[in-house]
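Participant: Contents are mmCIF, C-alpha atoms; file name query_34.cif:
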```
data_data
loop_
_atom_site.group_PDB
_atom_site.id
_atom_site.type_symbol
_atom_site.label_atom_id
_atom_site.label_comp_id
_atom_site.auth_asym_id
_atom_site.auth_seq_id
_atom_site.Cartn_x
_atom_site.Cartn_y
_atom_site.Cartn_z
ATOM 1 C CA MET A 1 88.886 117.650 108.178
ATOM 2 C CA ILE A 2 86.382 120.286 107.097
ATOM 3 C CA LEU A 3 83.079 120.380 108.932
ATOM 4 C CA THR A 4 80.086 122.156 107.517
ATOM 5 C CA ASN A 5 76.758 122.982 109.093
ATOM 6 C CA ASN A 6 73.601 121.933 107.337
ATOM 7 C CA LYS A 7 70.159 123.517 107.769
ATOM 8 C CA MET A 8 69.398 121.322 110.801
ATOM 9 C CA GLY A 9 72.428 122.620 112.696
ATOM 10 C CA THR A 10 74.345 119.315 112.678
ATOM 11 C CA SER A 11 77.806 119.045 111.222
ATOM 12 C CA ARG A 12 78.993 116.706 108.505
ATOM 13 C CA ARG A 13 82.195 116.065 106.575
ATOM 14 C CA SER A 14 82.640 117.657 103.209
ATOM 15 C CA ARG A 15 83.039 115.404 100.179
ATOM 16 C CA GLY A 16 86.684 116.356 99.691
ATOM 17 C CA SER A 17 87.686 115.014 103.079
ATOM 18 C CA ALA A 18 85.792 111.754 102.462
ATOM 19 C CA GLY A 19 87.955 111.199 99.382
ATOM 20 C CA ALA A 20 91.077 111.890 101.400
ATOM 21 C CA LEU A 21 89.914 109.415 104.046
ATOM 22 C CA LEU A 22 89.340 106.759 101.387
ATOM 23 C CA ALA A 23 92.814 107.366 99.918
ATOM 24 C CA ALA A 24 94.373 107.069 103.376
ATOM 25 C CA MET A 25 92.568 103.768 103.942
ATOM 26 C CA CYS A 26 93.895 102.405 100.645
ATOM 27 C CA ILE A 27 97.456 103.403 101.556
ATOM 28 C CA LEU A 28 97.080 101.799 104.970
ATOM 29 C CA ALA A 29 95.741 98.568 103.455
ATOM 30 C CA CYS A 30 98.728 98.367 101.102
ATOM 31 C CA ALA A 31 101.192 99.099 103.893
ATOM 32 C CA THR A 32 99.771 96.374 106.139
ATOM 33 C CA GLY A 33 100.348 93.666 103.551
ATOM 34 C CA LEU A 34 96.761 92.935 102.613
ATOM 35 C CA PRO A 35 96.515 91.001 99.354
ATOM 36 C CA ALA A 36 96.791 93.128 96.268
ATOM 37 C CA LYS A 37 96.491 92.256 92.603
ATOM 38 C CA GLU A 38 100.068 92.362 91.408
ATOM 39 C CA LYS A 39 102.650 90.100 89.810
ATOM 40 C CA LYS A 40 103.992 87.194 91.799
ATOM 41 C CA SER A 41 107.483 87.719 93.130
ATOM 42 C CA THR A 42 109.042 84.976 90.981
ATOM 43 C CA ARG A 43 108.399 83.265 87.676
ATOM 44 C CA SER A 44 109.335 80.012 85.963
ATOM 45 C CA VAL A 45 110.472 78.833 82.536
ATOM 46 C CA GLU A 46 109.751 75.338 81.296
ATOM 47 C CA GLY A 47 109.497 73.440 78.066
ATOM 48 C CA VAL A 48 110.436 70.417 76.009
ATOM 49 C CA VAL A 49 113.662 69.882 74.107
ATOM 50 C CA SER A 50 113.152 67.970 70.871
ATOM 51 C CA ASP A 51 114.899 67.034 67.644
ATOM 52 C CA ALA A 52 113.909 68.201 64.152
ATOM 53 C CA ALA A 53 111.258 65.440 63.955
ATOM 54 C CA GLU A 54 109.800 66.716 67.272
ATOM 55 C CA ASN A 55 110.955 63.649 69.233
ATOM 56 C CA PRO A 56 111.820 64.568 72.844
ATOM 57 C CA ILE A 57 115.510 64.452 73.725
ATOM 58 C CA ALA A 58 116.323 62.923 77.114
ATOM 59 C CA GLY A 59 119.474 64.076 78.901
ATOM 60 C CA ALA A 60 119.972 67.284 76.912
ATOM 61 C CA THR A 61 121.654 70.095 78.845
ATOM 62 C CA VAL A 62 119.558 73.238 79.176
ATOM 63 C CA THR A 63 121.410 76.374 80.267
ATOM 64 C CA LEU A 64 119.727 79.448 81.730
ATOM 65 C CA THR A 65 121.798 82.648 81.784
ATOM 66 C CA ASP A 66 120.876 85.640 83.957
ATOM 67 C CA LEU A 67 121.712 88.578 81.694
ATOM 68 C CA THR A 68 122.102 90.965 84.653
ATOM 69 C CA THR A 69 124.670 88.959 86.613
ATOM 70 C CA GLY A 70 125.980 86.584 83.940
ATOM 71 C CA LYS A 71 125.269 83.651 86.274
ATOM 72 C CA LYS A 72 124.497 80.388 84.491
ATOM 73 C CA SER A 73 122.318 77.556 85.755
ATOM 74 C CA ALA A 74 122.054 74.200 84.023
ATOM 75 C CA SER A 75 119.602 71.331 84.075
ATOM 76 C CA TYR A 76 119.202 68.024 82.245
ATOM 77 C CA THR A 77 115.999 67.121 80.461
ATOM 78 C CA SER A 78 113.856 64.280 81.808
ATOM 79 C CA PRO A 79 113.198 61.091 79.776
ATOM 80 C CA ASP A 80 110.301 62.906 78.070
ATOM 81 C CA GLY A 81 112.512 65.904 77.166
ATOM 82 C CA LYS A 82 111.106 68.298 79.772
ATOM 83 C CA TYR A 83 113.049 70.916 81.712
ATOM 84 C CA GLN A 84 112.141 73.618 84.227
ATOM 85 C CA PHE A 85 113.744 76.585 85.976
ATOM 86 C CA SER A 86 111.836 78.288 88.806
ATOM 87 C CA GLY A 87 112.366 81.144 91.238
ATOM 88 C CA LEU A 88 113.339 83.575 88.468
ATOM 89 C CA GLU A 89 113.191 87.296 89.192
ATOM 90 C CA TRP A 90 110.752 89.584 87.349
ATOM 91 C CA THR A 91 113.347 92.341 87.123
ATOM 92 C CA ARG A 92 115.842 90.337 85.065
ATOM 93 C CA ASP A 93 116.144 89.100 81.498
ATOM 94 C CA TYR A 94 117.311 85.535 80.858
ATOM 95 C CA GLU A 95 118.542 83.455 77.935
ATOM 96 C CA VAL A 96 117.812 79.748 77.540
ATOM 97 C CA GLN A 97 119.613 77.280 75.256
ATOM 98 C CA ALA A 98 119.739 73.489 74.974
ATOM 99 C CA THR A 99 122.631 71.322 73.797
ATOM 100 C CA SER A 100 122.913 67.634 73.039
ATOM 101 C CA LYS A 101 125.819 65.708 71.512
ATOM 102 C CA GLY A 102 127.650 68.952 70.753
ATOM 103 C CA VAL A 103 124.739 70.558 68.863
ATOM 104 C CA ALA A 104 122.881 73.562 70.262
ATOM 105 C CA SER A 105 119.375 74.945 69.867
ATOM 106 C CA GLN A 106 118.787 78.570 69.080
ATOM 107 C CA VAL A 107 119.016 80.934 72.056
ATOM 108 C CA ARG A 108 115.615 82.010 73.408
ATOM 109 C CA ARG A 109 115.080 85.048 75.604
ATOM 110 C CA VAL A 110 112.844 85.664 78.626
ATOM 111 C CA SER A 111 112.146 89.386 78.942
ATOM 112 C CA THR A 112 111.057 91.529 81.863
ATOM 113 C CA ILE A 113 108.237 92.895 79.711
ATOM 114 C CA ASP A 114 106.635 89.434 79.359
ATOM 115 C CA PRO A 115 103.691 89.461 81.824
ATOM 116 C CA ARG A 116 103.430 85.672 82.297
ATOM 117 C CA ASN A 117 104.328 83.930 85.586
ATOM 118 C CA LYS A 118 104.960 80.628 83.813
ATOM 119 C CA ILE A 119 106.706 80.832 80.453
ATOM 120 C CA THR A 120 106.876 77.860 78.106
ATOM 121 C CA LEU A 121 109.868 77.784 75.748
ATOM 122 C CA ASN A 122 110.157 74.637 73.676
ATOM 123 C CA LEU A 123 113.644 74.226 72.209
ATOM 124 C CA GLN A 124 114.591 72.300 69.095
ATOM 125 C CA ILE A 125 118.045 70.905 68.441
ATOM 126 C CA PRO A 126 118.859 70.456 64.748
ATOM 127 C CA PRO A 127 120.530 67.269 63.503
ATOM 128 C CA PRO A 128 124.345 67.249 63.711
ATOM 129 C CA LYS A 129 126.145 68.449 60.596
ATOM 130 C CA GLU A 130 128.022 65.715 58.821
ATOM 131 C CA THR A 131 131.724 66.313 58.516
ATOM 132 C CA GLU A 132 133.433 65.756 55.207
#
```
Is it possible to give me this structure as C-alpha cells?
Facilitator:
Amino acid sequence: MILTNNKMGTSRRSRGSAGALLAAMCILACATGLPAKEKKSTRSVEGVVSDAAENPIAGATVTLTDLTTGKKSASYTSPDGKYQFSGLEWTRDYEVQATSKGVASQVRRVSTIDPRNKITLNLQIPPPKETE
C-alpha cells in the first residue's frame, strides 16, 4: 500500500491501491461463493411430439443422445405429447429425436453455444410411408 502525505500532514492511500483493494474484494467475494450472475449449472430440454397435422402423439419414444459420451436416455411422451429431459450439462452437445410406430422425426441438436437454461424443441413425426 502506498501512503502519501497531504498538506495537513495526514496520510492517505493513493488511488492505485484503492483499485487494487477493490479488485481483491471482488476476488474474495467470488471465492466465498457469494451469488454471481452466471449460467445455472444444468439445463433442460422439453417439447411436444406431434404428427403432420400437429396432433400430439402420446407414447412416442424420445431419445436424447449425449454427443460427448454417446450415452442415450429415453422417455415416453405423456398423453398430451409432452416430454422433458433435465439435469443436462452446459458443456455438452445433445441430439434429440422422437419415434412412433417405426417412424422417426428429424434429429434436433442442443448446442453448448445456446444460452438458454430451458430449451423447447417440438418434434414432428411424418406419416408412415405406404409400402407397395
Participant: What's the 8 Å shell around Tyr83 in chain A, counting all atoms listed in the file, without same-chain residues fewer than 5 positions away, as an MDAnalysis selection string?
Facilitator: chainID A and resid 46:49 62 75:78
Participant: Report as JSON, numbers by chain all protein, DNA and RNA residues lying within 8 Å of Ile125 in chain A, evaluated on all atoms listed in the file, omitting residues in the same chain fewer than 2 positions from it.
Facilitator: {"A": [49, 50, 51, 52, 98, 99, 100, 103, 104, 105, 106, 123, 127]}
Participant: Written as a ChimeraX atom specification, which residues does the PyMOL selection byres ((chain A and resi 91) around 12) give for the file shown?
Facilitator: /A:39-43,66-69,87-90,92-94,110-115
Participant: So how far away is CA of Asn55 in chain A from CA of Gly81 in chain A, in Å?
Facilitator: 8.4 Å
Participant: Quick one: of A:Lys101, A:Lys118, A:Lys129, A:Arg108, who's nearest to Gly59 in chain A, counting all atoms listed in the file?
Facilitator: A:Lys101
Participant: For the structure provided, state which residues fall under the PyMOL selection byres ((chain A and resi 73) around 6), and present them as a list in words.
Facilitator: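 So the PyMOL selection byres ((chain A and resi 73) around 6) ends up selecting Thr63, Leu64, Lys72 and Ala74 of chain A.
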Participant: As an exercise, work out the distance from CA of Ala58 in chain A to CA of Arg109 in chain A in Å and give it to one decimal place.
Facilitator: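 These two atoms are separated by 22.2 Å.
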Participant: Any chance you could work out the axis-aligned box around range 89-106 of chain A, listed atoms only, 4 Å on each side, giving centre and edge lengths in Å to one decimal, as JSON?
Facilitator:
```
{"center_x": 119.2, "center_y": 79.0, "center_z": 79.0, "size_x": 24.9, "size_y": 34.6, "size_z": 28.3}
```
Participant: For each of A:Ala60, A:Lys82, A:Leu121, A:Glu130, take the minimum atom-to-atom distance to Glu95 in chain A, counting only C-alpha atoms, then give the residue where this is smallest.
Facilitator: A:Leu121
Participant: Using all atoms listed in the file, pick whichever of A:Glu54, A:Lys71, A:Ser86, A:Thr65 has the shortest atom-to-atom distance to Pro126 in chain A.
Facilitator: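 With all atoms listed in the file as the atom set, the closest residue is A:Glu54.
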Participant: At what distance in Å, to one decimal, does CA of Pro128 in chain A lie from CA of Ile57 in chain A?
Facilitator: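 Result for CA of Ile57 in chain A versus CA of Pro128 in chain A: 13.6 Å, one decimal.
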Participant: How would range 70-98 of chain A look with N, CA and C atoms restored, written as a PDB file, in the coordinates of the input?
Facilitator:
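Now in selection.pdb:
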```
ATOM      1  N   GLY A  70     125.156  87.508  84.718  1.00  0.00           N
ATOM      2  CA  GLY A  70     125.980  86.584  83.940  1.00  0.00           C
ATOM      3  C   GLY A  70     125.991  85.173  84.510  1.00  0.00           C
ATOM      4  N   LYS A  71     125.302  84.960  85.626  1.00  0.00           N
ATOM      5  CA  LYS A  71     125.269  83.651  86.274  1.00  0.00           C
ATOM      6  C   LYS A  71     124.523  82.649  85.390  1.00  0.00           C
ATOM      7  N   LYS A  72     125.103  81.449  85.290  1.00  0.00           N
ATOM      8  CA  LYS A  72     124.497  80.388  84.491  1.00  0.00           C
ATOM      9  C   LYS A  72     124.024  79.259  85.402  1.00  0.00           C
ATOM     10  N   SER A  73     122.851  78.732  85.074  1.00  0.00           N
ATOM     11  CA  SER A  73     122.318  77.556  85.755  1.00  0.00           C
ATOM     12  C   SER A  73     122.046  76.522  84.683  1.00  0.00           C
ATOM     13  N   ALA A  74     122.269  75.250  85.009  1.00  0.00           N
ATOM     14  CA  ALA A  74     122.054  74.200  84.023  1.00  0.00           C
ATOM     15  C   ALA A  74     121.180  73.102  84.596  1.00  0.00           C
ATOM     16  N   SER A  75     120.473  72.433  83.701  1.00  0.00           N
ATOM     17  CA  SER A  75     119.602  71.331  84.075  1.00  0.00           C
ATOM     18  C   SER A  75     119.614  70.311  82.938  1.00  0.00           C
ATOM     19  N   TYR A  76     119.332  69.067  83.267  1.00  0.00           N
ATOM     20  CA  TYR A  76     119.202  68.024  82.245  1.00  0.00           C
ATOM     21  C   TYR A  76     117.730  67.749  82.008  1.00  0.00           C
ATOM     22  N   THR A  77     117.390  67.437  80.763  1.00  0.00           N
ATOM     23  CA  THR A  77     115.999  67.121  80.461  1.00  0.00           C
ATOM     24  C   THR A  77     115.650  65.732  80.987  1.00  0.00           C
ATOM     25  N   SER A  78     114.380  65.562  81.321  1.00  0.00           N
ATOM     26  CA  SER A  78     113.856  64.280  81.808  1.00  0.00           C
ATOM     27  C   SER A  78     113.730  63.305  80.628  1.00  0.00           C
ATOM     28  N   PRO A  79     113.354  62.043  80.876  1.00  0.00           N
ATOM     29  CA  PRO A  79     113.198  61.091  79.776  1.00  0.00           C
ATOM     30  C   PRO A  79     112.205  61.543  78.694  1.00  0.00           C
ATOM     31  N   ASP A  80     111.249  62.403  79.077  1.00  0.00           N
ATOM     32  CA  ASP A  80     110.301  62.906  78.070  1.00  0.00           C
ATOM     33  C   ASP A  80     110.702  64.290  77.545  1.00  0.00           C
ATOM     34  N   GLY A  81     111.966  64.679  77.743  1.00  0.00           N
ATOM     35  CA  GLY A  81     112.512  65.904  77.166  1.00  0.00           C
ATOM     36  C   GLY A  81     112.168  67.187  77.899  1.00  0.00           C
ATOM     37  N   LYS A  82     111.544  67.089  79.061  1.00  0.00           N
ATOM     38  CA  LYS A  82     111.106  68.298  79.772  1.00  0.00           C
ATOM     39  C   LYS A  82     112.203  68.871  80.667  1.00  0.00           C
ATOM     40  N   TYR A  83     112.152  70.203  80.799  1.00  0.00           N
ATOM     41  CA  TYR A  83     113.049  70.916  81.712  1.00  0.00           C
ATOM     42  C   TYR A  83     112.250  72.005  82.411  1.00  0.00           C
ATOM     43  N   GLN A  84     112.793  72.522  83.516  1.00  0.00           N
ATOM     44  CA  GLN A  84     112.141  73.618  84.227  1.00  0.00           C
ATOM     45  C   GLN A  84     113.150  74.377  85.080  1.00  0.00           C
ATOM     46  N   PHE A  85     113.003  75.702  85.076  1.00  0.00           N
ATOM     47  CA  PHE A  85     113.744  76.585  85.976  1.00  0.00           C
ATOM     48  C   PHE A  85     112.697  77.417  86.709  1.00  0.00           C
ATOM     49  N   SER A  86     112.804  77.507  88.041  1.00  0.00           N
ATOM     50  CA  SER A  86     111.836  78.288  88.806  1.00  0.00           C
ATOM     51  C   SER A  86     112.564  79.272  89.715  1.00  0.00           C
ATOM     52  N   GLY A  87     111.791  80.151  90.344  1.00  0.00           N
ATOM     53  CA  GLY A  87     112.366  81.144  91.238  1.00  0.00           C
ATOM     54  C   GLY A  87     113.070  82.275  90.506  1.00  0.00           C
ATOM     55  N   LEU A  88     112.689  82.524  89.255  1.00  0.00           N
ATOM     56  CA  LEU A  88     113.339  83.575  88.468  1.00  0.00           C
ATOM     57  C   LEU A  88     112.762  84.941  88.833  1.00  0.00           C
ATOM     58  N   GLU A  89     113.598  85.945  88.810  1.00  0.00           N
ATOM     59  CA  GLU A  89     113.191  87.296  89.192  1.00  0.00           C
ATOM     60  C   GLU A  89     112.523  88.018  88.023  1.00  0.00           C
ATOM     61  N   TRP A  90     111.481  88.797  88.358  1.00  0.00           N
ATOM     62  CA  TRP A  90     110.752  89.584  87.349  1.00  0.00           C
ATOM     63  C   TRP A  90     111.607  90.697  86.779  1.00  0.00           C
ATOM     64  N   THR A  91     112.571  91.165  87.519  1.00  0.00           N
ATOM     65  CA  THR A  91     113.347  92.341  87.123  1.00  0.00           C
ATOM     66  C   THR A  91     114.565  91.988  86.283  1.00  0.00           C
ATOM     67  N   ARG A  92     114.668  90.753  85.836  1.00  0.00           N
ATOM     68  CA  ARG A  92     115.842  90.337  85.065  1.00  0.00           C
ATOM     69  C   ARG A  92     115.448  89.648  83.772  1.00  0.00           C
ATOM     70  N   ASP A  93     116.291  89.818  82.761  1.00  0.00           N
ATOM     71  CA  ASP A  93     116.144  89.100  81.498  1.00  0.00           C
ATOM     72  C   ASP A  93     117.025  87.857  81.564  1.00  0.00           C
ATOM     73  N   TYR A  94     116.585  86.803  80.873  1.00  0.00           N
ATOM     74  CA  TYR A  94     117.311  85.535  80.858  1.00  0.00           C
ATOM     75  C   TYR A  94     117.425  85.021  79.428  1.00  0.00           C
ATOM     76  N   GLU A  95     118.429  84.190  79.189  1.00  0.00           N
ATOM     77  CA  GLU A  95     118.542  83.455  77.935  1.00  0.00           C
ATOM     78  C   GLU A  95     118.553  81.971  78.251  1.00  0.00           C
ATOM     79  N   VAL A  96     117.911  81.196  77.365  1.00  0.00           N
ATOM     80  CA  VAL A  96     117.812  79.748  77.540  1.00  0.00           C
ATOM     81  C   VAL A  96     118.294  79.083  76.256  1.00  0.00           C
ATOM     82  N   GLN A  97     119.112  78.031  76.411  1.00  0.00           N
ATOM     83  CA  GLN A  97     119.613  77.280  75.256  1.00  0.00           C
ATOM     84  C   GLN A  97     119.831  75.827  75.657  1.00  0.00           C
ATOM     85  N   ALA A  98     119.535  74.922  74.736  1.00  0.00           N
ATOM     86  CA  ALA A  98     119.739  73.489  74.974  1.00  0.00           C
ATOM     87  C   ALA A  98     120.850  72.975  74.081  1.00  0.00           C
TER      88      ALA A  98
END
```
